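*Asks:* So here's input.cif, just mmCIF, C-alpha atoms:
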data_start
loop_
_atom_site.label_atom_id
_atom_site.label_comp_id
_atom_site.auth_asym_id
_atom_site.auth_seq_id
_atom_site.Cartn_x
_atom_site.Cartn_y
_atom_site.Cartn_z
CA MET X 190 135.13 2.18 -116.63
CA PHE X 191 138.11 0.25 -115.26
CA ALA X 192 140.10 3.29 -116.38
CA ALA X 193 137.98 5.53 -114.11
CA VAL X 194 138.70 3.32 -111.09
CA ALA X 195 142.40 3.24 -112.03
CA GLY X 196 142.37 7.06 -112.22
CA ALA X 197 140.76 7.30 -108.77
CA LEU X 198 143.40 4.96 -107.38
CA LEU X 199 146.15 7.05 -109.02
CA ALA X 200 144.74 10.21 -107.37
CA THR X 201 144.78 8.33 -104.04
CA LEU X 202 148.40 7.38 -104.67
CA ALA X 203 149.33 11.00 -105.42
CA LEU X 204 147.72 12.31 -102.20
CA ALA X 205 149.31 9.58 -100.08
CA LEU X 206 152.68 10.29 -101.69
CA ALA X 207 152.30 13.99 -100.86
CA ARG X 208 151.68 13.04 -97.21
CA ALA X 209 154.75 10.79 -97.28
CA VAL X 210 156.88 13.71 -98.53
CA LEU X 211 155.33 16.35 -96.24
CA GLY X 212 154.77 14.22 -93.14
CA PRO X 213 156.16 15.89 -90.02
CA THR X 214 156.98 12.66 -88.18
CA VAL X 215 158.38 9.37 -89.40
CA PHE X 216 155.13 7.64 -88.42
CA ASP X 217 153.19 9.81 -90.88
CA ARG X 218 155.58 8.64 -93.58
CA VAL X 219 155.19 4.98 -92.59
CA LEU X 220 151.39 5.36 -92.56
CA ALA X 221 151.46 6.96 -96.02
CA ALA X 222 153.78 4.22 -97.31
CA ASN X 223 151.36 1.59 -95.97
CA THR X 224 148.47 3.32 -97.78
CA VAL X 225 150.56 3.47 -100.97
CA GLY X 226 151.14 -0.29 -100.65
CA THR X 227 147.42 -1.04 -100.21
CA VAL X 228 146.48 1.16 -103.17
CA ALA X 229 149.23 -0.43 -105.28
CA VAL X 230 147.70 -3.87 -104.61
CA LEU X 231 144.29 -2.58 -105.73
CA LEU X 232 145.82 -0.83 -108.76
CA LEU X 233 147.58 -4.05 -109.83
CA ALA X 234 144.28 -5.95 -109.60
CA VAL X 235 142.42 -3.27 -111.61
CA MET X 236 145.23 -3.10 -114.20
CA GLY X 237 144.95 -6.86 -114.67
CA PHE X 238 141.28 -6.42 -115.63
CA LEU X 239 141.99 -3.27 -117.67
CA THR X 240 144.56 -5.00 -119.89
CA GLY X 241 142.75 -8.37 -119.93
CA ARG X 242 145.67 -10.14 -118.27
CA PRO X 243 144.67 -11.51 -114.82
CA ASP X 244 148.26 -12.65 -114.20
CA PHE X 245 148.76 -9.32 -112.45
CA LEU X 246 146.80 -10.73 -109.49
CA ASP X 247 149.75 -12.92 -108.49
CA LEU X 248 151.93 -9.82 -108.38
CA ALA X 249 149.25 -8.13 -106.24
CA ILE X 250 149.31 -11.00 -103.71
CA VAL X 251 153.11 -10.87 -103.46
CA TYR X 252 153.05 -7.08 -103.11
CA GLY X 253 150.51 -7.28 -100.29
CA LEU X 254 152.64 -9.81 -98.40
CA LEU X 255 155.78 -7.68 -98.83
CA ASN X 256 153.86 -4.56 -97.76
CA ILE X 257 152.84 -5.91 -94.34
CA VAL X 258 156.30 -7.36 -93.63
CA GLY X 259 158.01 -4.10 -94.63
CA THR X 260 155.65 -1.95 -92.55
CA ILE X 261 156.08 -4.05 -89.40
CA ALA X 262 159.88 -4.20 -89.84
CA VAL X 263 160.22 -0.41 -90.28
CA LEU X 264 157.94 0.21 -87.27
CA LYS X 265 159.88 -2.18 -85.08
CA PHE X 266 163.11 -0.47 -86.07
CA PHE X 267 161.84 3.03 -85.30
CA ARG X 268 160.18 2.02 -82.05
CA GLN X 269 163.04 0.08 -80.52
CA GLY X 270 166.06 1.07 -82.56
CA ASP X 271 166.98 -2.57 -83.11
CA LEU X 272 165.41 -5.24 -85.29
CA GLY X 273 166.63 -8.09 -83.04
CA ASP X 274 165.22 -6.66 -79.79
CA PRO X 275 162.53 -8.96 -78.31
CA GLY X 276 160.55 -5.90 -77.13
CA GLU X 277 159.43 -4.63 -73.76
CA ASP X 278 156.73 -7.28 -73.33
CA ALA X 279 159.21 -10.16 -73.34
CA ASP X 280 160.37 -11.49 -69.99
CA PRO X 281 164.16 -10.98 -69.75
CA ARG X 282 164.53 -14.04 -67.49
CA ALA X 283 162.94 -16.34 -70.06
CA ASP X 284 166.11 -16.76 -72.13
CA GLY X 285 168.48 -16.93 -69.19
CA ARG X 286 169.97 -13.41 -69.39
CA MET N 83 127.19 -11.89 -117.66
CA SER N 84 123.77 -10.57 -116.81
CA ALA N 85 123.24 -6.83 -116.90
CA THR N 86 122.22 -6.70 -113.22
CA VAL N 87 125.51 -8.15 -112.02
CA ASP N 88 127.37 -5.81 -114.38
CA ILE N 89 125.59 -2.72 -113.06
CA ALA N 90 126.11 -3.80 -109.43
CA SER N 91 129.78 -4.39 -110.16
CA TRP N 92 130.25 -0.92 -111.67
CA ILE N 93 128.44 0.73 -108.76
CA LEU N 94 130.69 -1.09 -106.29
CA LEU N 95 133.84 -0.20 -108.26
CA VAL N 96 132.98 3.50 -108.51
CA ALA N 97 132.02 3.64 -104.81
CA GLY N 98 135.31 1.93 -103.94
CA GLY N 99 137.29 4.48 -105.94
CA PHE N 100 135.34 7.30 -104.27
CA PHE N 101 136.08 5.99 -100.77
CA CYS N 102 139.77 5.55 -101.66
CA ILE N 103 139.92 9.24 -102.61
CA VAL N 104 138.01 10.19 -99.43
CA GLY N 105 140.58 8.34 -97.31
CA ALA N 106 143.47 9.96 -99.17
CA VAL N 107 142.02 13.47 -98.78
CA GLY N 108 141.62 12.77 -95.06
CA LEU N 109 145.20 11.51 -94.93
CA HIS N 110 146.29 14.77 -96.51
CA ARG N 111 144.17 17.27 -94.55
CA MET N 112 143.71 15.85 -91.03
CA PRO N 113 145.48 17.91 -88.32
CA ASP N 114 147.51 15.32 -86.42
CA PHE N 115 148.93 11.82 -86.73
CA TYR N 116 146.25 9.81 -84.91
CA THR N 117 143.42 11.34 -86.94
CA ARG N 118 145.41 10.49 -90.07
CA VAL N 119 145.49 6.82 -88.96
CA HIS N 120 141.69 6.99 -88.79
CA ALA N 121 141.47 8.50 -92.30
CA ALA N 122 143.90 5.99 -93.81
CA SER N 123 141.89 3.06 -92.48
CA VAL N 124 138.94 4.23 -94.64
CA THR N 125 141.06 3.53 -97.73
CA ASP N 126 142.23 0.19 -96.31
CA THR N 127 138.79 -1.17 -95.38
CA VAL N 128 135.87 0.34 -97.31
CA GLY N 129 137.76 1.38 -100.46
CA ALA N 130 139.71 -1.86 -100.87
CA GLY N 131 136.70 -4.01 -99.93
CA LEU N 132 134.34 -2.36 -102.41
CA VAL N 133 136.86 -2.42 -105.29
CA LEU N 134 137.66 -6.09 -104.66
CA ILE N 135 133.98 -7.12 -104.42
CA GLY N 136 133.31 -5.25 -107.69
CA LEU N 137 136.19 -7.06 -109.39
CA ILE N 138 134.95 -10.42 -108.03
CA LEU N 139 131.52 -9.73 -109.60
CA GLN N 140 133.28 -8.96 -112.90
CA ALA N 141 135.33 -12.18 -112.73
CA GLY N 142 132.49 -14.62 -112.02
CA TRP N 143 133.18 -18.15 -110.70
CA THR N 144 136.79 -18.47 -111.88
CA LEU N 145 140.29 -18.84 -110.45
CA VAL N 146 140.62 -15.05 -110.77
CA ALA N 147 137.82 -14.63 -108.23
CA ALA N 148 139.60 -17.03 -105.86
CA LYS N 149 142.79 -14.96 -106.12
CA LEU N 150 140.78 -11.78 -105.46
CA VAL N 151 139.29 -13.41 -102.34
CA ILE N 152 142.82 -14.27 -101.19
CA ILE N 153 143.90 -10.63 -101.70
CA GLY N 154 140.81 -9.47 -99.79
CA LEU N 155 141.55 -11.78 -96.85
CA LEU N 156 145.18 -10.60 -96.85
CA LEU N 157 144.15 -6.92 -96.70
CA PHE N 158 141.42 -7.75 -94.15
CA LEU N 159 144.01 -9.24 -91.80
CA SER N 160 147.02 -7.06 -92.52
CA SER N 161 145.70 -3.50 -92.61
CA PRO N 162 144.18 -3.41 -89.07
CA THR N 163 147.39 -5.04 -87.82
CA ALA N 164 149.49 -2.38 -89.54
CA ALA N 165 147.28 0.48 -88.27
CA HIS N 166 147.44 -0.84 -84.70
CA ALA N 167 151.22 -1.30 -84.93
CA ILE N 168 151.72 2.22 -86.31
CA ALA N 169 149.58 3.84 -83.59
CA LYS N 170 151.22 1.77 -80.82
CA ALA N 171 154.72 2.55 -82.10
CA ALA N 172 153.92 6.29 -82.25
CA LEU N 173 152.48 6.22 -78.72
CA GLY N 174 155.47 4.21 -77.50
CA ARG N 175 157.84 6.82 -78.91
CA GLY N 176 155.93 9.56 -77.05
CA LEU N 177 154.02 11.24 -79.87
CA GLN N 178 151.18 13.07 -78.10
CA PRO N 179 147.67 13.21 -79.58
CA LEU N 180 146.32 16.67 -80.40
CA LEU N 181 143.68 17.22 -77.71
CA GLY N 182 140.63 19.49 -77.83
CA ARG N 183 141.96 22.65 -76.17
CA GLU N 184 145.22 22.71 -78.16
CA ALA N 185 143.37 21.98 -81.39
CA ARG N 186 141.05 24.94 -80.85
CA SER N 187 143.87 27.27 -79.85
CA SER N 188 146.02 26.26 -82.82
CA LYS N 189 143.15 26.94 -85.19
CA ARG N 190 142.96 30.59 -84.12
#
Represent the supplied structure as structure tokens.

*Replies:*
Amino acid sequence: MFAAVAGALLATLALALARAVLGPTVFDRVLAANTVGTVAVLLLAVMGFLTGRPDFLDLAIVYGLLNIVGTIAVLKFFRQGDLGDPGEDADPRADGR
Amino acid sequence: MSATVDIASWILLVAGGFFCIVGAVGLHRMPDFYTRVHAASVTDTVGAGLVLIGLILQAGWTLVAAKLVIIGLLLFLSSPTAAHAIAKAALGRGLQPLLGREARSSKR
């Protein structure tokens, strides 16, 4: 039965990957990559139970942390064109420039 | 493990897999970007939550269950943040939502 859940998660991965390849805008691709990351976390957890080795859960935690950092970094780059830009909300007088 | 907890765990796991596929089909078939954000959040919230609760019921009171709770909290905090950031970045770059009249005319 863990194999059935793993198969469902693999089908989810395939559909999200198709959207990442087809996606008309870059934001569709980022959204699909974020979904792939979430499903990969779940798939790692299910695989740990399927093979009887719960050590995979540590990998799932690390993958989830990397997923959110990567998504936010890519979005900041495509929104502002610069990873070091403080953004439009920041007050330009605050740092003396 | 008692049979009741086992059955409840399998029901939750199968429902979680079903909702993951529902979110992915929506991600594949929805007509524009903002509706796809809505479909993808089904996978991130209901699908992930049900699968993790089912796995916690399988694990019982162990360290494995604690790690699953940590993963659940991580997804609970990070996926709405990511969805909000994606939608705000798309709106900031000028991607227009598909509104009712255009959606009907493009369907013809």

*Asks:* Rounded to one decimal in Å, what is the spacing between CA of Ala229 in chain X and CA of Gly253 in chain X?

*Replies:*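 Result for CA of Ala229 in chain X versus CA of Gly253 in chain X: 8.6 Å, one decimal.
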
*Asks:* Taking all atoms listed in the file into account, find every residue of chain N that has an atom no more than 6 Å from chain X, and write it out as a list in words.

*Replies:* Gly99, Ile103, Ala106, His110, Ile153 and Ala171 of chain N

*Asks:* With only C-alpha atoms as the atoms that count, which of N:Leu155, N:Val87, N:Leu95, N:Leu181 lies nearest to Ile135 in chain N?

*Replies:* N:Leu95

*Asks:* Tell me, as a PyMOL selection string, which residues lie within 7 Å of Leu150 in chain N, counting only C-alpha atoms; anything in the same chain fewer than 4 positions away does not count.

*Replies:* chain N and resi 134+138+146+154

*Asks:* Return the single residue from X:Leu255, X:Ala222, X:Ala262, X:Gly237 that is closest to Lys149 in chain N, with distances computed using all atoms listed in the file.

*Replies:*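 Looking only at the distances to Lys149 in chain N, the closest residue turns out to be X:Gly237.
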
*Asks:* Could you tell me which of N:Val104, N:Val96, N:Ala165, N:Leu173 comes closest to Ser123 in chain N if we count all atoms listed in the file?

*Replies:*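 Closest to Ser123 in chain N of all the choices is N:Ala165.
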
*Asks:* List, as a PyMOL selection string, every residue that the PyMOL selection byres ((chain N and resi 129) around 9) selects in the file provided.

*Replies:* chain N and resi 95+97-105+124-128+130-134

*Asks:* Could you jot down the CA of Leu180 in chain N to CA of Ala122 in chain N separation for me, Å, one decimal place?

*Replies:* 17.3 Å

*Asks:* Have a look at CA of Gly108 in chain N and CA of Ala121 in chain N and let me know their distance in Å, one decimal.

*Replies:*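 These atoms are spaced 5.1 Å apart.
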
*Asks:* Return as AutoDock Vina command-line options the centre and edge lengths, in Å with one decimal, of the box along x, y and z that encloses every atom of range 155-170 of chain N in the file, padded by 8 Å per side.

*Replies:*
--center_x 146.6 --center_y -4.0 --center_z -88.8 --size_x 26.3 --size_y 31.6 --size_z 32.0

*Asks:* Taking all atoms listed in the file into account, which of N:Leu177, N:Met112, N:Val119, N:Leu139 comes nearest Ile89 in chain N?

*Replies:* N:Leu139
